Amino acid sequence: MKRKFRMFGVSAILLLGLTGSGYADSPSPYAFDSIAGERVIQDLESGSGLSFPAGSKFDQNFLPVGLSITFDSKKIELIPQTFPNEKESFWNFAYYSTSQFQNTSFLLNLSEGVIYQNKTRIYQVSYEREPLLHETNYYRYHRLFFIERGDYQGDLLIIQSESPLTNEEVLSYYHEGDLQDPSILRSPSSRVSTPISNSESPDQTLLPNSGIHSLPQWGIFEPQAPRSLSQVHALENQLDANFSLILRYANFTDSMKQLQADLENARSEERIVELTLQTNEGNQLNSSLYAVLNGMYDDELRQLARIVREQGDPVLFRLNNEMNGDWCNYSALYYGLETNLYRDTWNWIYTLFQEEGADNARWIFNPNERSYPHYRWNHMLAYLPSPLQIDAVGLTGYNTGTYYPGETWRSFAEIFDPIYREYEEVFDYPFLITEFSSSSIGGDKVQWITDMFAHLPTYPRIEALIWWDHADYAFGGKIARPYFIDETPEFMRSFKAGMQELKRDQ
């Protein structure tokens, strides 16, 4: 581990030695200098940095999350982590981040343990991995170092290489600066200096005729739809509403023939489908991304692309939503913290859709409202695909109620105000609320619905929103989170009154 250092200013010569591309200019928390004859890039907020040789590639896309450089068949990432409220220790962070490595069979020669370097305690993990057919920038050897800098502050150093490296060589690239106040480490979103956008289609709207509608379009998830739309019809008649969008989930156990029939049924009623593909293999912990990137589902994906193409009307295509949630086996928690594999999966499926002519798909990047676990390596921006492969950004949030210990009742505004403000600053794409709902356990759902309609006009960039009309079940089949619109006549009246008032106001 290198000695501590301080910065003397930005060296223009060193900047010329790096190449970078991406959506954001270099944010102010970073600076370059020469330390004892070595080129160094430092995170000014955390105080740590990396040394690099001439000709290194600097990944600007990674800047909000941390530092990333590539050189000599190596890739090094430095991700600072703090817990300023002292709600979690650095060692809990290290252990939970690697808790699924033993369950991931694709990780070979896995080794874990505590080491010490100059009296600094480090949790070290190493593994090897075979190449995947459709991945980019493959490295066989992976080393992760959770470097303790205090009970509530430290660094995650990740190095990938084509040949084995010793601990000494890995740590020789790491510079530990003076400890900083943990509260100054800003969130990754706040480090984005320029809103992320698709520069090739800056004026594209998400939905047909969205520019002439003053109200957002409504959609619904109803378990039988769009295979059967009878329940949707019944709700529309009772609510005097029009659910023009239908949410439909798909995975690799689906019948493609049935999926095609479902989409055609939706098209026959001029409804747009939000098709959510979750690349699951029976919901096993072993990540399905490996199988996708190894080409195991290329035929199915091409068939899916052709089905979407034949739909004609825009299909809102949501791929592996809520990837920053640990309940999804396509969270990087289940594949060695390699968030780049999520981006590779997105890129490969996007490429197949383009090759099959499915350019009517509208690609929706849709993280969960909050990251679980709430670590920087798991932040939504760590998963972000190419901005040119995104057409819209989805917002997802639920008032889950209070059935489970630790849950709190949250209003519509409490859920969506924070993420709407965050996304408005970070993204320059159309927005839609891809799924949302409220439980009835723990609060006044009638008032929740009333307040939701009153607050919705404060989100002018929302083009559509989709109510999730079903329930979450606890063990034994008991309903834990009833999200139904028609659970009681009072809920229905509140929803209908809100729709009518929204129309009058607009």
# chains A, B, ... in the order shown; residues from 1 in each chain; ligands from 1
>>> residues_around(residues="Asp151 (chain A)", least_positions_apart="2", cutoff="7 Å", atoms="only C-alpha atoms", output="list in words")
Ser89, Phe90 and Gln153 of chain A
>>> write_last_selection(atoms="C-alpha atoms", output="short mmCIF file (atom, residue, chain, number, x, y, z; two decimals), in the first residue's frame")
data_model
loop_
_atom_site.label_atom_id
_atom_site.label_comp_id
_atom_site.auth_asym_id
_atom_site.auth_seq_id
_atom_site.Cartn_x
_atom_site.Cartn_y
_atom_site.Cartn_z
CA SER A 89 -20.13 -0.95 9.82
CA PHE A 90 -17.57 -1.25 7.07
CA GLN A 153 -15.32 4.37 6.07
#
>>> closest_atom_pairs(of="region 307-415 of chain A", to="region 430-448 of chain A", cutoff="6 Å", atoms="only C-alpha atoms", output="tab-separated table")
residue	atom	partner	partner_atom	distance
A:Ala392	CA	A:Pro430	CA	4.9
A:Val393	CA	A:Phe431	CA	5.2
A:Gly394	CA	A:Leu432	CA	5.2
A:Leu395	CA	A:Ile433	CA	4.6
A:Thr396	CA	A:Glu435	CA	5.4
A:Gly397	CA	A:Phe436	CA	5.3
A:Tyr398	CA	A:Phe436	CA	5.2
A:Asn399	CA	A:Ser438	CA	4.6
A:Thr400	CA	A:Ser439	CA	5.4
A:Gly401	CA	A:Ile441	CA	5.2
A:Thr402	CA	A:Gly442	CA	5.1
>>> select_by_dssp(residues="region 212-387 of chain A", states="strand (DSSP E)", output="ChimeraX atom specification")
/A:217-221,243-250,272-277,315-319,361-365
>>> write_last_selection(atoms="N, CA and C atoms", output="PDB file, in the first residue's frame")
ATOM      1  N   GLN A 217     -50.840   9.096 -19.547  1.00  0.00           N
ATOM      2  CA  GLN A 217     -51.646   7.933 -19.873  1.00  0.00           C
ATOM      3  C   GLN A 217     -51.567   6.934 -18.720  1.00  0.00           C
ATOM      4  N   TRP A 218     -52.663   6.197 -18.536  1.00  0.00           N
ATOM      5  CA  TRP A 218     -52.756   5.249 -17.431  1.00  0.00           C
ATOM      6  C   TRP A 218     -52.599   3.815 -17.938  1.00  0.00           C
ATOM      7  N   GLY A 219     -52.010   3.000 -17.086  1.00  0.00           N
ATOM      8  CA  GLY A 219     -51.890   1.587 -17.380  1.00  0.00           C
ATOM      9  C   GLY A 219     -52.154   0.774 -16.134  1.00  0.00           C
ATOM     10  N   ILE A 220     -52.169  -0.549 -16.313  1.00  0.00           N
ATOM     11  CA  ILE A 220     -52.481  -1.429 -15.193  1.00  0.00           C
ATOM     12  C   ILE A 220     -51.781  -2.762 -15.367  1.00  0.00           C
ATOM     13  N   PHE A 221     -51.361  -3.330 -14.244  1.00  0.00           N
ATOM     14  CA  PHE A 221     -50.998  -4.741 -14.219  1.00  0.00           C
ATOM     15  C   PHE A 221     -52.157  -5.494 -13.606  1.00  0.00           C
ATOM     16  N   PHE A 243     -57.347   2.332 -19.310  1.00  0.00           N
ATOM     17  CA  PHE A 243     -56.017   1.805 -19.075  1.00  0.00           C
ATOM     18  C   PHE A 243     -55.412   1.426 -20.427  1.00  0.00           C
ATOM     19  N   SER A 244     -54.773   2.393 -21.057  1.00  0.00           N
ATOM     20  CA  SER A 244     -54.257   2.173 -22.416  1.00  0.00           C
ATOM     21  C   SER A 244     -52.961   1.384 -22.422  1.00  0.00           C
ATOM     22  N   LEU A 245     -52.321   1.236 -21.253  1.00  0.00           N
ATOM     23  CA  LEU A 245     -51.081   0.466 -21.143  1.00  0.00           C
ATOM     24  C   LEU A 245     -51.331  -0.772 -20.288  1.00  0.00           C
ATOM     25  N   ILE A 246     -50.757  -1.873 -20.703  1.00  0.00           N
ATOM     26  CA  ILE A 246     -50.885  -3.138 -19.982  1.00  0.00           C
ATOM     27  C   ILE A 246     -49.486  -3.668 -19.676  1.00  0.00           C
ATOM     28  N   LEU A 247     -49.247  -3.961 -18.403  1.00  0.00           N
ATOM     29  CA  LEU A 247     -47.955  -4.527 -17.994  1.00  0.00           C
ATOM     30  C   LEU A 247     -48.013  -6.057 -18.101  1.00  0.00           C
ATOM     31  N   ARG A 248     -47.015  -6.597 -18.797  1.00  0.00           N
ATOM     32  CA  ARG A 248     -46.931  -8.039 -18.970  1.00  0.00           C
ATOM     33  C   ARG A 248     -45.489  -8.471 -18.699  1.00  0.00           C
ATOM     34  N   TYR A 249     -45.300  -9.439 -17.793  1.00  0.00           N
ATOM     35  CA  TYR A 249     -43.976  -9.970 -17.472  1.00  0.00           C
ATOM     36  C   TYR A 249     -43.671 -11.169 -18.360  1.00  0.00           C
ATOM     37  N   ALA A 250     -42.382 -11.394 -18.600  1.00  0.00           N
ATOM     38  CA  ALA A 250     -41.948 -12.554 -19.376  1.00  0.00           C
ATOM     39  C   ALA A 250     -40.602 -13.033 -18.845  1.00  0.00           C
ATOM     40  N   ILE A 272     -51.106  -0.496 -25.540  1.00  0.00           N
ATOM     41  CA  ILE A 272     -49.653  -0.616 -25.597  1.00  0.00           C
ATOM     42  C   ILE A 272     -49.195  -1.488 -24.438  1.00  0.00           C
ATOM     43  N   VAL A 273     -48.275  -2.393 -24.717  1.00  0.00           N
ATOM     44  CA  VAL A 273     -47.795  -3.327 -23.703  1.00  0.00           C
ATOM     45  C   VAL A 273     -46.452  -2.841 -23.155  1.00  0.00           C
ATOM     46  N   GLU A 274     -46.346  -2.816 -21.841  1.00  0.00           N
ATOM     47  CA  GLU A 274     -45.049  -2.671 -21.196  1.00  0.00           C
ATOM     48  C   GLU A 274     -44.549  -4.088 -20.931  1.00  0.00           C
ATOM     49  N   LEU A 275     -43.711  -4.573 -21.825  1.00  0.00           N
ATOM     50  CA  LEU A 275     -43.221  -5.944 -21.763  1.00  0.00           C
ATOM     51  C   LEU A 275     -41.950  -5.970 -20.918  1.00  0.00           C
ATOM     52  N   THR A 276     -42.010  -6.671 -19.804  1.00  0.00           N
ATOM     53  CA  THR A 276     -40.888  -6.723 -18.866  1.00  0.00           C
ATOM     54  C   THR A 276     -40.234  -8.088 -18.958  1.00  0.00           C
ATOM     55  N   LEU A 277     -39.037  -8.131 -19.539  1.00  0.00           N
ATOM     56  CA  LEU A 277     -38.292  -9.378 -19.639  1.00  0.00           C
ATOM     57  C   LEU A 277     -37.346  -9.485 -18.460  1.00  0.00           C
ATOM     58  N   VAL A 315     -43.688  -0.969 -28.359  1.00  0.00           N
ATOM     59  CA  VAL A 315     -43.703  -1.865 -27.213  1.00  0.00           C
ATOM     60  C   VAL A 315     -42.716  -1.291 -26.201  1.00  0.00           C
ATOM     61  N   LEU A 316     -43.201  -1.007 -25.012  1.00  0.00           N
ATOM     62  CA  LEU A 316     -42.323  -0.516 -23.955  1.00  0.00           C
ATOM     63  C   LEU A 316     -41.567  -1.710 -23.405  1.00  0.00           C
ATOM     64  N   PHE A 317     -40.274  -1.778 -23.699  1.00  0.00           N
ATOM     65  CA  PHE A 317     -39.488  -2.966 -23.372  1.00  0.00           C
ATOM     66  C   PHE A 317     -38.625  -2.674 -22.149  1.00  0.00           C
ATOM     67  N   ARG A 318     -38.954  -3.335 -21.054  1.00  0.00           N
ATOM     68  CA  ARG A 318     -38.267  -3.126 -19.778  1.00  0.00           C
ATOM     69  C   ARG A 318     -37.443  -4.374 -19.488  1.00  0.00           C
ATOM     70  N   LEU A 319     -36.125  -4.234 -19.518  1.00  0.00           N
ATOM     71  CA  LEU A 319     -35.235  -5.383 -19.367  1.00  0.00           C
ATOM     72  C   LEU A 319     -34.640  -5.411 -17.967  1.00  0.00           C
ATOM     73  N   ALA A 361     -39.330  -1.237 -30.380  1.00  0.00           N
ATOM     74  CA  ALA A 361     -39.175  -1.395 -28.934  1.00  0.00           C
ATOM     75  C   ALA A 361     -38.660  -0.093 -28.343  1.00  0.00           C
ATOM     76  N   ARG A 362     -39.252   0.325 -27.239  1.00  0.00           N
ATOM     77  CA  ARG A 362     -38.793   1.493 -26.498  1.00  0.00           C
ATOM     78  C   ARG A 362     -38.103   0.983 -25.226  1.00  0.00           C
ATOM     79  N   TRP A 363     -36.811   1.158 -25.139  1.00  0.00           N
ATOM     80  CA  TRP A 363     -36.001   0.538 -24.093  1.00  0.00           C
ATOM     81  C   TRP A 363     -36.044   1.387 -22.829  1.00  0.00           C
ATOM     82  N   ILE A 364     -36.493   0.763 -21.739  1.00  0.00           N
ATOM     83  CA  ILE A 364     -36.705   1.472 -20.476  1.00  0.00           C
ATOM     84  C   ILE A 364     -35.701   0.990 -19.443  1.00  0.00           C
ATOM     85  N   PHE A 365     -34.856   1.897 -18.995  1.00  0.00           N
ATOM     86  CA  PHE A 365     -33.935   1.620 -17.903  1.00  0.00           C
ATOM     87  C   PHE A 365     -34.680   1.889 -16.603  1.00  0.00           C
TER      88      PHE A 365
END
>>> atom_distance(atom1="CA of Tyr375 (chain A)", atom2="CA of Lys87 (chain A)")
12.6 Å
>>> residues_around(residues="Asp472 (chain A)", least_positions_apart="6", cutoff="10 Å", atoms="only C-alpha atoms", output="PyMOL selection string")
chain A and resi 400+439+478-483
>>> atom_distance(atom1="CA of Asp451 (chain A)", atom2="CA of Ile485 (chain A)")
15.0 Å
>>> closest_atom_pairs(of="region 301-408 of chain A", to="region 191-198 of chain A", cutoff="7 Å", atoms="only C-alpha atoms", output="tab-separated table")
residue	atom	partner	partner_atom	distance
A:Pro387	CA	A:Asn198	CA	5.2
A:Leu388	CA	A:Asn198	CA	4.8
A:Ile390	CA	A:Asn198	CA	6.7
>>> closest_residue(among="A:Ser34, A:Ser163, A:Ser183, A:Gln311", to="Glu86 (chain A)", atoms="only C-alpha atoms")
A:Ser183
>>> atom_distance(atom1="CA of Gly55 (chain A)", atom2="CA of Pro131 (chain A)")
25.8 Å
>>> closest_residue(among="A:Tyr350, A:Phe491, A:Tyr372, A:Tyr459", to="Asp326 (chain A)", atoms="only C-alpha atoms")
A:Tyr372
>>> residues_around(residues="Val232 (chain A)", least_positions_apart="4", cutoff="9 Å", atoms="only C-alpha atoms", output="MDAnalysis selection string")
chainID A and resid 220 222 225:226 228 236:237 243
>>> write_last_selection(atoms="C-alpha atoms", output="short mmCIF file (atom, residue, chain, number, x, y, z; two decimals), in the first residue's frame")
data_model
loop_
_atom_site.label_atom_id
_atom_site.label_comp_id
_atom_site.auth_asym_id
_atom_site.auth_seq_id
_atom_site.Cartn_x
_atom_site.Cartn_y
_atom_site.Cartn_z
CA ILE A 220 -52.48 -1.43 -15.19
CA GLU A 222 -53.76 -7.30 -13.91
CA ALA A 225 -54.02 -9.31 -18.95
CA PRO A 226 -53.47 -9.01 -21.82
CA SER A 228 -57.82 -11.80 -21.03
CA GLU A 236 -62.55 0.72 -16.67
CA ASN A 237 -66.36 0.71 -16.63
CA PHE A 243 -56.02 1.80 -19.08
#
>>> residues_around(residues="Glu130 (chain A)", least_positions_apart="5", cutoff="12 Å", atoms="only C-alpha atoms", output="PyMOL selection string")
chain A and resi 105-109+135+138-142+162+290+293-294
>>> write_last_selection(atoms="N, CA and C atoms", output="mmCIF file, in the first residue's frame")
data_model
loop_
_atom_site.group_PDB
_atom_site.id
_atom_site.type_symbol
_atom_site.label_atom_id
_atom_site.label_comp_id
_atom_site.auth_asym_id
_atom_site.auth_seq_id
_atom_site.Cartn_x
_atom_site.Cartn_y
_atom_site.Cartn_z
ATOM 1 N N SER A 105 -21.770 -20.637 -8.812
ATOM 2 C CA SER A 105 -20.911 -21.730 -9.281
ATOM 3 C C SER A 105 -19.961 -21.306 -10.386
ATOM 4 N N PHE A 106 -20.225 -20.196 -11.054
ATOM 5 C CA PHE A 106 -19.370 -19.764 -12.147
ATOM 6 C C PHE A 106 -18.057 -19.175 -11.640
ATOM 7 N N LEU A 107 -17.985 -18.842 -10.354
ATOM 8 C CA LEU A 107 -16.759 -18.299 -9.777
ATOM 9 C C LEU A 107 -15.846 -19.459 -9.386
ATOM 10 N N LEU A 108 -14.668 -19.500 -9.959
ATOM 11 C CA LEU A 108 -13.748 -20.620 -9.782
ATOM 12 C C LEU A 108 -12.621 -20.244 -8.818
ATOM 13 N N ASN A 109 -12.118 -21.269 -8.113
ATOM 14 C CA ASN A 109 -10.979 -21.084 -7.201
ATOM 15 C C ASN A 109 -11.201 -19.916 -6.250
ATOM 16 N N GLU A 135 -19.679 -11.409 -23.926
ATOM 17 C CA GLU A 135 -19.226 -10.332 -23.042
ATOM 18 C C GLU A 135 -18.122 -9.523 -23.711
ATOM 19 N N TYR A 138 -13.089 -9.273 -21.417
ATOM 20 C CA TYR A 138 -12.976 -10.386 -20.477
ATOM 21 C C TYR A 138 -11.634 -10.376 -19.760
ATOM 22 N N TYR A 139 -11.674 -10.651 -18.459
ATOM 23 C CA TYR A 139 -10.484 -10.881 -17.646
ATOM 24 C C TYR A 139 -10.718 -12.150 -16.824
ATOM 25 N N ARG A 140 -9.710 -12.983 -16.747
ATOM 26 C CA ARG A 140 -9.891 -14.236 -16.017
ATOM 27 C C ARG A 140 -9.763 -14.052 -14.513
ATOM 28 N N TYR A 141 -8.825 -13.248 -14.060
ATOM 29 C CA TYR A 141 -8.487 -13.165 -12.640
ATOM 30 C C TYR A 141 -9.115 -11.921 -12.014
ATOM 31 N N HIS A 142 -9.786 -12.134 -10.890
ATOM 32 C CA HIS A 142 -10.515 -11.053 -10.219
ATOM 33 C C HIS A 142 -10.084 -10.991 -8.760
ATOM 34 N N GLU A 162 -5.507 -10.338 -16.855
ATOM 35 C CA GLU A 162 -5.385 -11.523 -17.686
ATOM 36 C C GLU A 162 -4.383 -12.527 -17.124
ATOM 37 N N TYR A 290 -25.087 -15.116 -16.835
ATOM 38 C CA TYR A 290 -24.053 -15.972 -17.418
ATOM 39 C C TYR A 290 -24.610 -16.761 -18.602
ATOM 40 N N LEU A 293 -25.267 -14.415 -21.627
ATOM 41 C CA LEU A 293 -24.032 -13.990 -22.279
ATOM 42 C C LEU A 293 -23.255 -15.148 -22.875
ATOM 43 N N ASN A 294 -23.598 -16.377 -22.508
ATOM 44 C CA ASN A 294 -22.972 -17.541 -23.136
ATOM 45 C C ASN A 294 -23.749 -18.026 -24.354
#
